[in-house]
file my_file-v4.tsv (TSV, C-alpha atoms)
chain	number	residue	atom	x	y	z
A	1	MET	CA	144.36	-65.40	178.88
A	2	VAL	CA	144.60	-62.43	181.27
A	3	PHE	CA	148.38	-62.32	180.72
A	4	LYS	CA	147.91	-62.38	176.94
A	5	LYS	CA	145.44	-59.49	177.15
A	6	MET	CA	147.92	-57.54	179.24
A	7	LEU	CA	150.72	-58.18	176.72
A	8	SER	CA	148.41	-57.13	173.88
A	9	ALA	CA	147.76	-53.84	175.65
A	10	PHE	CA	151.52	-53.19	175.48
A	11	GLY	CA	151.69	-54.08	171.79
A	12	VAL	CA	153.13	-57.56	172.30
A	13	GLY	CA	151.59	-60.25	170.11
A	14	GLY	CA	149.31	-57.68	168.49
A	15	PRO	CA	148.60	-57.12	164.80
A	16	SER	CA	151.30	-55.78	162.47
A	17	VAL	CA	151.07	-53.26	159.64
A	18	ASP	CA	153.21	-52.91	156.52
A	19	THR	CA	152.44	-50.41	153.75
A	20	VAL	CA	153.70	-51.07	150.22
A	21	LEU	CA	153.73	-48.23	147.71
A	22	THR	CA	153.21	-49.11	144.05
A	23	ASN	CA	155.71	-46.36	143.25
A	24	PRO	CA	157.31	-44.07	145.88
A	25	ASN	CA	157.94	-41.42	143.19
A	26	THR	CA	155.28	-38.79	142.57
A	27	ARG	CA	154.71	-35.12	141.74
A	28	PRO	CA	152.51	-32.39	143.21
A	29	GLY	CA	148.92	-32.82	142.07
A	30	LEU	CA	149.30	-36.55	141.34
A	31	THR	CA	148.65	-39.51	143.66
A	32	LEU	CA	150.45	-42.11	145.73
A	33	ASP	CA	149.04	-45.59	145.21
A	34	GLY	CA	149.63	-48.56	147.43
A	35	GLN	CA	148.16	-51.02	149.88
A	36	VAL	CA	148.20	-51.41	153.64
A	37	ASN	CA	148.90	-55.03	154.61
A	38	LEU	CA	147.62	-56.12	158.01
A	39	VAL	CA	148.45	-59.37	159.79
A	40	GLY	CA	146.50	-60.39	162.87
A	41	GLY	CA	148.26	-61.07	166.14
A	42	ASP	CA	147.74	-63.74	168.78
A	43	ALA	CA	144.23	-62.59	169.64
A	44	PRO	CA	141.33	-60.89	167.83
A	45	ALA	CA	141.87	-57.14	167.46
A	46	ASN	CA	139.31	-54.39	167.05
A	47	ILE	CA	140.80	-51.89	164.61
A	48	GLU	CA	139.25	-48.45	165.04
A	49	GLN	CA	140.77	-46.85	161.94
A	50	VAL	CA	143.57	-47.16	159.40
A	51	VAL	CA	144.99	-43.83	158.20
A	52	VAL	CA	147.83	-42.81	155.86
A	53	GLY	CA	149.43	-39.37	156.03
A	54	LEU	CA	152.29	-37.41	154.49
A	55	VAL	CA	154.92	-36.22	156.98
A	56	THR	CA	157.98	-34.03	156.55
A	57	ARG	CA	160.55	-32.13	158.57
A	58	VAL	CA	159.81	-28.44	159.17
A	59	GLU	CA	161.94	-25.68	160.72
A	60	ILE	CA	160.01	-23.99	163.53
A	61	GLU	CA	161.04	-20.81	165.32
A	62	GLY	CA	160.19	-20.38	168.98
A	63	GLY	CA	161.43	-17.25	170.70
A	64	ASP	CA	165.16	-16.95	170.07
A	65	HIS	CA	165.55	-20.59	169.08
A	66	GLU	CA	164.87	-22.56	165.92
A	67	PHE	CA	164.30	-26.29	165.90
A	68	ALA	CA	163.17	-28.94	163.45
A	69	GLY	CA	160.01	-30.96	164.03
A	70	VAL	CA	158.21	-33.60	162.03
A	71	MET	CA	154.83	-32.41	160.80
A	72	GLU	CA	151.99	-34.33	159.22
A	73	PHE	CA	150.39	-32.09	156.60
A	74	HIS	CA	147.98	-34.33	154.69
A	75	ARG	CA	146.07	-37.46	155.75
A	76	MET	CA	143.37	-39.79	154.50
A	77	PRO	CA	141.50	-42.71	156.11
A	78	VAL	CA	142.03	-46.04	154.36
A	79	SER	CA	139.54	-47.98	156.46
A	80	GLY	CA	137.08	-47.46	159.25
A	81	ALA	CA	136.39	-49.88	162.08
A	82	LEU	CA	137.05	-53.56	161.42
A	83	GLN	CA	137.91	-56.72	163.34
A	84	LEU	CA	141.10	-58.63	162.58
A	85	ALA	CA	141.12	-62.31	163.53
A	86	PRO	CA	144.26	-64.02	164.88
A	87	LYS	CA	146.87	-64.39	162.06
A	88	GLN	CA	144.36	-63.05	159.51
A	89	GLN	CA	145.95	-61.33	156.50
A	90	LEU	CA	144.16	-58.35	155.01
A	91	SER	CA	145.22	-55.92	152.25
A	92	LEU	CA	143.62	-52.47	151.98
A	93	PRO	CA	144.32	-50.59	148.70
A	94	PHE	CA	144.45	-46.79	148.69
A	95	GLN	CA	145.08	-43.85	146.39
A	96	LEU	CA	146.27	-40.74	148.22
A	97	PRO	CA	146.04	-37.39	146.37
A	98	VAL	CA	149.29	-35.43	146.68
A	99	PRO	CA	148.58	-31.74	147.45
A	100	TRP	CA	149.69	-29.24	144.83
A	101	GLU	CA	151.82	-27.43	147.43
A	102	THR	CA	153.74	-30.55	148.44
A	103	PRO	CA	157.44	-29.60	148.56
A	104	ILE	CA	159.92	-31.00	146.06
A	105	THR	CA	162.37	-33.54	147.48
A	106	ASP	CA	164.15	-34.87	144.37
A	107	VAL	CA	165.55	-33.16	141.27
A	108	TYR	CA	167.47	-34.84	138.44
A	109	GLY	CA	167.04	-38.14	140.27
A	110	GLN	CA	168.88	-36.91	143.39
A	111	ARG	CA	167.59	-35.95	146.81
A	112	LEU	CA	167.68	-32.22	147.61
A	113	HIS	CA	169.99	-31.83	150.57
A	114	GLY	CA	167.88	-30.96	153.61
A	115	MET	CA	164.60	-32.53	152.45
A	116	THR	CA	162.75	-35.52	153.90
A	117	MET	CA	159.30	-36.87	153.07
A	118	GLY	CA	157.47	-39.98	154.18
A	119	LEU	CA	154.11	-41.72	154.16
A	120	ARG	CA	153.11	-42.75	157.65
A	121	THR	CA	150.48	-45.42	158.26
A	122	GLU	CA	148.61	-45.41	161.56
A	123	LEU	CA	146.73	-48.43	162.83
A	124	ALA	CA	144.49	-47.39	165.73
A	125	ILE	CA	143.71	-50.43	167.89
A	126	ALA	CA	141.01	-50.34	170.54
A	127	ARG	CA	142.43	-50.54	174.09
A	128	ALA	CA	145.97	-51.26	172.87
A	129	VAL	CA	149.16	-49.59	171.66
A	130	ASP	CA	148.72	-48.09	168.20
A	131	LYS	CA	150.92	-49.49	165.41
A	132	SER	CA	152.58	-47.49	162.65
A	133	ASP	CA	154.70	-47.83	159.53
A	134	LEU	CA	156.77	-45.27	157.60
A	135	ASP	CA	157.78	-45.32	153.94
A	136	GLN	CA	160.03	-42.87	152.10
A	137	VAL	CA	158.36	-40.78	149.39
A	138	ASN	CA	160.13	-38.95	146.55
A	139	VAL	CA	158.41	-35.83	145.21
A	140	HIS	CA	159.69	-34.72	141.81
A	141	PRO	CA	159.14	-31.27	140.25
A	142	LEU	CA	156.40	-30.43	137.80
A	143	PRO	CA	157.61	-29.30	134.34
A	144	VAL	CA	157.42	-25.58	135.17
A	145	HIS	CA	159.36	-26.13	138.43
A	146	GLU	CA	161.99	-28.09	136.53
A	147	ARG	CA	162.42	-25.41	133.87
A	148	ILE	CA	162.92	-22.69	136.49
A	149	LEU	CA	165.43	-24.80	138.44
A	150	GLU	CA	167.27	-25.56	135.21
A	151	ALA	CA	167.34	-21.84	134.45
A	152	PHE	CA	169.10	-21.09	137.73
A	153	GLN	CA	171.67	-23.74	136.90
A	154	ARG	CA	172.14	-22.41	133.36
A	155	LEU	CA	172.72	-18.94	134.80
A	156	GLY	CA	175.51	-20.32	136.99
A	157	PHE	CA	173.78	-20.55	140.38
A	158	ARG	CA	174.91	-23.43	142.62
A	159	PHE	CA	172.48	-25.27	144.83
A	160	LYS	CA	173.18	-24.85	148.55
A	161	HIS	CA	170.36	-26.28	150.66
A	162	ALA	CA	166.60	-26.71	150.91
A	163	ASP	CA	164.30	-26.69	153.90
A	164	LEU	CA	160.74	-26.02	155.01
A	165	GLU	CA	159.84	-23.01	157.14
A	166	ARG	CA	156.69	-22.86	159.19
A	167	GLY	CA	154.68	-19.76	158.32
A	168	HIS	CA	152.64	-18.13	155.54
A	169	ILE	CA	153.68	-15.98	152.59
A	170	ARG	CA	151.43	-12.96	152.23
A	171	GLY	CA	149.64	-12.48	148.95
A	172	THR	CA	149.78	-16.11	147.83
A	173	GLN	CA	147.20	-18.90	147.76
A	174	GLN	CA	149.23	-20.93	150.26
A	175	THR	CA	147.14	-23.44	152.23
A	176	LEU	CA	149.81	-25.57	153.94
A	177	PRO	CA	151.26	-24.33	157.26
A	178	PHE	CA	154.80	-24.15	155.80
A	179	TYR	CA	156.66	-23.17	152.64
A	180	GLN	CA	159.80	-24.52	150.97
A	181	GLU	CA	162.98	-22.50	150.48
A	182	ILE	CA	165.50	-23.70	147.88
A	183	GLU	CA	168.76	-21.84	148.42
A	184	PHE	CA	171.43	-21.04	145.82
A	185	PHE	CA	174.87	-19.47	145.97
A	186	ALA	CA	175.00	-16.46	143.66
A	187	ALA	CA	176.24	-16.98	140.10
A	188	PRO	CA	179.49	-15.15	139.21
A	189	GLN	CA	177.72	-12.46	137.16
A	190	TYR	CA	175.53	-11.58	140.15
A	191	ALA	CA	178.20	-11.95	142.85
A	192	GLN	CA	178.88	-8.20	143.08
A	193	LEU	CA	175.19	-7.61	143.80
A	194	ILE	CA	173.91	-10.53	145.89
A	195	ASN	CA	175.26	-13.28	148.14
A	196	GLU	CA	172.49	-15.88	147.87
A	197	VAL	CA	169.02	-16.41	146.45
A	198	GLU	CA	166.17	-18.33	148.07
A	199	LEU	CA	163.50	-19.67	145.74
A	200	THR	CA	159.98	-20.61	146.87
A	201	PHE	CA	157.20	-22.20	144.83
A	202	VAL	CA	153.57	-21.93	145.96
A	203	THR	CA	151.87	-24.26	143.51
A	204	GLY	CA	148.21	-24.54	142.58
A	205	ARG	CA	146.13	-26.27	139.95
A	206	GLN	CA	146.44	-23.39	137.44
A	207	GLY	CA	149.99	-22.25	138.06
A	208	VAL	CA	152.76	-21.29	140.45
A	209	ASP	CA	153.60	-18.25	142.56
A	210	VAL	CA	157.40	-17.86	142.40
A	211	ILE	CA	158.92	-15.94	145.31
A	212	LEU	CA	162.54	-14.79	145.21
A	213	GLU	CA	164.47	-13.58	148.24
A	214	CYS	CA	167.87	-12.11	147.39
A	215	ASP	CA	170.48	-11.44	150.04
A	216	LYS	CA	171.74	-8.15	148.66
A	217	ARG	CA	175.31	-7.11	149.37
A	218	GLY	CA	175.98	-3.89	151.21
A	219	GLY	CA	177.97	-1.04	149.74
A	220	PHE	CA	180.60	1.32	151.12
A	221	LEU	CA	177.95	3.46	152.84
A	222	SER	CA	175.05	1.01	153.03
A	223	ALA	CA	174.29	-2.21	154.87
A	224	GLY	CA	173.24	-5.40	153.17
A	225	HIS	CA	169.55	-6.32	153.17
A	226	ASP	CA	167.07	-8.80	151.73
A	227	VAL	CA	164.98	-7.90	148.69
A	228	PHE	CA	161.93	-9.79	147.44
A	229	GLY	CA	160.15	-10.48	144.19
A	230	ARG	CA	156.94	-12.37	143.50
A	231	TYR	CA	155.97	-13.64	140.05
A	232	GLN	CA	153.17	-15.82	138.68
A	233	VAL	CA	153.57	-18.43	135.97
A	234	SER	CA	151.21	-20.91	134.35
A	235	HIS	CA	151.80	-24.64	134.04
A	236	ALA	CA	151.09	-24.21	130.33
A	237	ASP	CA	154.13	-21.92	129.98
A	238	ALA	CA	156.63	-24.66	130.86
A	239	ASP	CA	157.83	-25.13	127.27
A	240	ARG	CA	156.83	-21.78	125.78
A	241	VAL	CA	159.51	-19.40	127.03
A	242	ASP	CA	163.25	-19.05	127.51
A	243	TRP	CA	163.35	-19.56	131.26
A	244	ALA	CA	166.96	-18.46	131.69
A	245	GLN	CA	166.00	-15.10	130.17
A	246	VAL	CA	162.85	-14.91	132.32
A	247	VAL	CA	164.68	-15.73	135.58
A	248	ASP	CA	167.46	-13.27	134.71
A	249	GLY	CA	164.80	-10.60	134.25
A	250	TRP	CA	163.19	-11.48	137.58
A	251	LEU	CA	166.52	-11.20	139.38
A	252	LYS	CA	167.36	-7.84	137.81
A	253	GLU	CA	163.92	-6.47	138.65
A	254	THR	CA	163.98	-7.84	142.20
A	255	THR	CA	167.41	-6.49	143.07
A	256	SER	CA	166.64	-3.04	141.63
A	257	ARG	CA	163.25	-2.50	143.25
A	258	TYR	CA	164.38	-2.00	146.87
A	259	GLY	CA	163.30	1.34	148.35
A	260	GLY	CA	160.97	2.62	145.61
A	261	LEU	CA	158.22	0.03	145.84
A	262	ARG	CA	158.55	-0.35	149.59
A	263	ALA	CA	158.33	3.43	150.11
A	264	GLN	CA	155.20	3.50	147.93
A	265	GLY	CA	153.57	0.65	149.88
A	266	GLY	CA	154.17	-1.82	147.07
A	267	PHE	CA	155.41	-5.38	147.19
A	268	GLY	CA	157.72	-5.08	150.20
A	269	ASN	CA	158.46	-8.21	152.19
A	270	PRO	CA	155.93	-10.99	151.53
A	271	TYR	CA	157.02	-12.72	154.72
A	272	ALA	CA	156.53	-9.62	156.91
A	273	GLY	CA	154.64	-10.47	160.05
A	274	HIS	CA	154.48	-14.13	159.05
A	275	ARG	CA	157.91	-15.45	158.30
A	276	ARG	CA	158.91	-18.45	160.39
A	277	GLY	CA	155.99	-17.81	162.70
A	278	PRO	CA	152.85	-19.94	162.67
A	279	GLY	CA	150.42	-17.12	161.83
A	280	MET	CA	146.72	-17.71	162.36
A	281	GLY	CA	146.36	-19.74	159.15
A	282	GLY	CA	149.35	-21.91	160.01
A	283	MET	CA	148.08	-22.50	163.54
A	284	VAL	CA	144.62	-23.50	162.36
A	285	ALA	CA	145.94	-25.78	159.61
A	286	GLY	CA	148.50	-27.30	161.96
A	287	ALA	CA	145.92	-28.15	164.59
A	288	ALA	CA	143.52	-29.61	162.04
A	289	LEU	CA	146.17	-31.79	160.43
A	290	GLY	CA	147.61	-33.26	163.60
A	291	VAL	CA	150.89	-31.39	163.93
A	292	ALA	CA	151.31	-32.47	167.53
A	293	GLY	CA	150.94	-36.10	166.53
A	294	GLY	CA	153.53	-35.58	163.81
A	295	MET	CA	156.07	-34.27	166.31
A	296	VAL	CA	155.85	-37.46	168.34
A	297	ALA	CA	157.08	-39.41	165.32
A	298	GLY	CA	160.23	-37.32	165.04
A	299	GLU	CA	162.61	-40.14	165.85
A	300	MET	CA	160.84	-42.50	163.47
A	301	ILE	CA	161.19	-40.30	160.43
A	302	GLU	CA	164.76	-39.37	161.29
A	303	ASP	CA	165.71	-43.04	161.41
A	304	ALA	CA	163.91	-43.79	158.17
A	305	PHE	CA	165.73	-41.08	156.25
A	306	GLU	CA	169.27	-41.52	157.49
A	307	GLY	CA	171.87	-41.11	154.76
A	308	ASP	CA	173.31	-38.57	152.39
A	309	PHE	CA	170.63	-36.75	150.43
A	310	GLY	CA	173.11	-34.71	148.40
A	311	GLY	CA	172.30	-31.87	146.04
A	312	PHE	CA	170.96	-31.86	142.52
A	313	GLU	CA	173.91	-30.50	140.64
A	314	GLU	CA	175.00	-32.61	137.70
call {"tool": "encode", "arguments": {"input": "my_file-v4.tsv", "output": "C-alpha cells"}}
result
Amino acid sequence: MVFKKMLSAFGVGGPSVDTVLTNPNTRPGLTLDGQVNLVGGDAPANIEQVVVGLVTRVEIEGGDHEFAGVMEFHRMPVSGALQLAPKQQLSLPFQLPVPWETPITDVYGQRLHGMTMGLRTELAIARAVDKSDLDQVNVHPLPVHERILEAFQRLGFRFKHADLERGHIRGTQQTLPFYQEIEFFAAPQYAQLINEVELTFVTGRQGVDVILECDKRGGFLSAGHDVFGRYQVSHADADRVDWAQVVDGWLKETTSRYGGLRAQGGFGNPYAGHRRGPGMGGMVAGAALGVAGGMVAGEMIEDAFEGDFGGFEE
C-alpha cells in the first residue's frame, strides 16, 4: 500500500483525463463545447479542480532577443473538488466562451502558417502529479474578417505569415496581452510604394479595430519606414460595402499620411512604447491568466501541432 501511494505521487497508476470537443472549429465570440472524461486509477483520488483553458504560441521580446512561448489566455473551471473512485468513469460537460479577441488560425479551411491554438485540460490532484490533456482548436474568421482578408487577396496581396506579438496597441479596446499580425507581400500595383503590409484585428462585440502597418519603401534621398493606419468597422457592415474598394482606400490613406499627422501629434505609431513589450496591461493580464503556467507546457503544444500549417491562398 505504501509503495502504491508512492507511485501515485509520481503519477503512476493515477487517474487519466481525456477531453473530447463536440466540434474543434469555432469563431471569436462563439463557444467551444465538449466534455472532460475522467477515469479513476488504482486508488481513490481527491481531485481539487478540473480546468480548461485556451493556449497559443506568442512571440515575446526580451532585451535583444525574441523567443516564442506558449501562453494561456483564457480559462474556465469545469468542476470543483470531487473524489474519483478506483476505475470510476466520469464525464463533465462544459461550454467555454471564446473571447472576441481570439486570434484567427484558419481561413478558407486551411491553417494560417505560423498559428497554433489548443484547449488544455488541467486535472489538479491532491498530493500527486497533475494530469493534463491538449486538443487542437481551429478558430475561423467572422464575416467582417473574412471580407477584409478576401479584399486583400482580390487586390493581389499574397499571404506571407501570421504570428502573435506580446504587447498592447494604443487606442484600441484590446484586453488580451497579445495581438495578431497577418503579413502580406505587397500587390504589384503597390510594389513601388510598399514592401509588405501587416494586418491586425482587435475584435469586440460591436465591431473591429483594423490596424495596418505598411513597410514603406525608401526613395533616392529618403530611408524606408513603417506607416500606420487604424480604422473601425462594424460587424453589420460585412455585406454592405465593396471591401476591395474600402481596403484600397485605407492603404492609399495610410501610405500618404506619414509626416503630416505625426508632426501634428495625430495618429502616429499605435505600437509606440508598447510594441512587443508586455506593457502594464499585458503584464497584469498575463499574471492573472497564468502565463507562467502556459510556458511550462511549451513542449506539449509544440508536439500537438506538428505538421505543415500552410497558408490560405487558393
call {"tool": "residues_near_point", "arguments": {"input": "my_file-v4.tsv", "point": "(154.2, -24.1, 130.5)", "cutoff": "12 Å", "atoms": "all atoms listed in the file", "output": "list of chain:residue names"}}
result
A:Leu142, A:Pro143, A:Val144, A:His145, A:Glu146, A:Arg147, A:Ile148, A:Gln206, A:Gly207, A:Val208, A:Gln232, A:Val233, A:Ser234, A:His235, A:Ala236, A:Asp237, A:Ala238, A:Asp239, A:Arg240, A:Val241, A:Asp242, A:Trp243
call {"tool": "closest_residue", "arguments": {"input": "my_file-v4.tsv", "among": "A:Glu101, A:Glu196, A:Asp106, A:Glu150", "to": "Gln173 (chain A)", "atoms": "only C-alpha atoms"}}
result
A:Glu101
call {"tool": "residues_near_point", "arguments": {"input": "my_file-v4.tsv", "point": "(164.4, -8.4, 145.4)", "cutoff": "8 Å", "atoms": "all atoms listed in the file", "output": "PyMOL selection string"}}
result
chain A and resi 212-214+226-229+251+253-258
call {"tool": "atom_distance", "arguments": {"input": "my_file-v4.tsv", "atom1": "CA of Gln245 (chain A)", "atom2": "CA of Leu164 (chain A)"}}
result
27.6 Å
call {"tool": "atom_distance", "arguments": {"input": "my_file-v4.tsv", "atom1": "CA of Gly80 (chain A)", "atom2": "CA of Leu92 (chain A)"}}
result
11.0 Å
call {"tool": "atom_distance", "arguments": {"input": "my_file-v4.tsv", "atom1": "CA of Glu198 (chain A)", "atom2": "CA of Glu165 (chain A)"}}
result
12.0 Å
call {"tool": "residues_around", "arguments": {"input": "my_file-v4.tsv", "residues": "Pro99 (chain A)", "least_positions_apart": "3", "cutoff": "6 Å", "atoms": "all atoms listed in the file", "output": "tab-separated table (two decimals) with C-alpha atoms, in the frame of the given file"}}
result
chain	number	residue	atom	x	y	z
A	28	PRO	CA	152.51	-32.39	143.21
A	29	GLY	CA	148.92	-32.82	142.07
A	102	THR	CA	153.74	-30.55	148.44
call {"tool": "residues_around", "arguments": {"input": "my_file-v4.tsv", "residues": "Ala85 (chain A)", "least_positions_apart": "4", "cutoff": "12 Å", "atoms": "all atoms listed in the file", "output": "ChimeraX atom specification"}}
result
/A:14-15,38-47,89-90
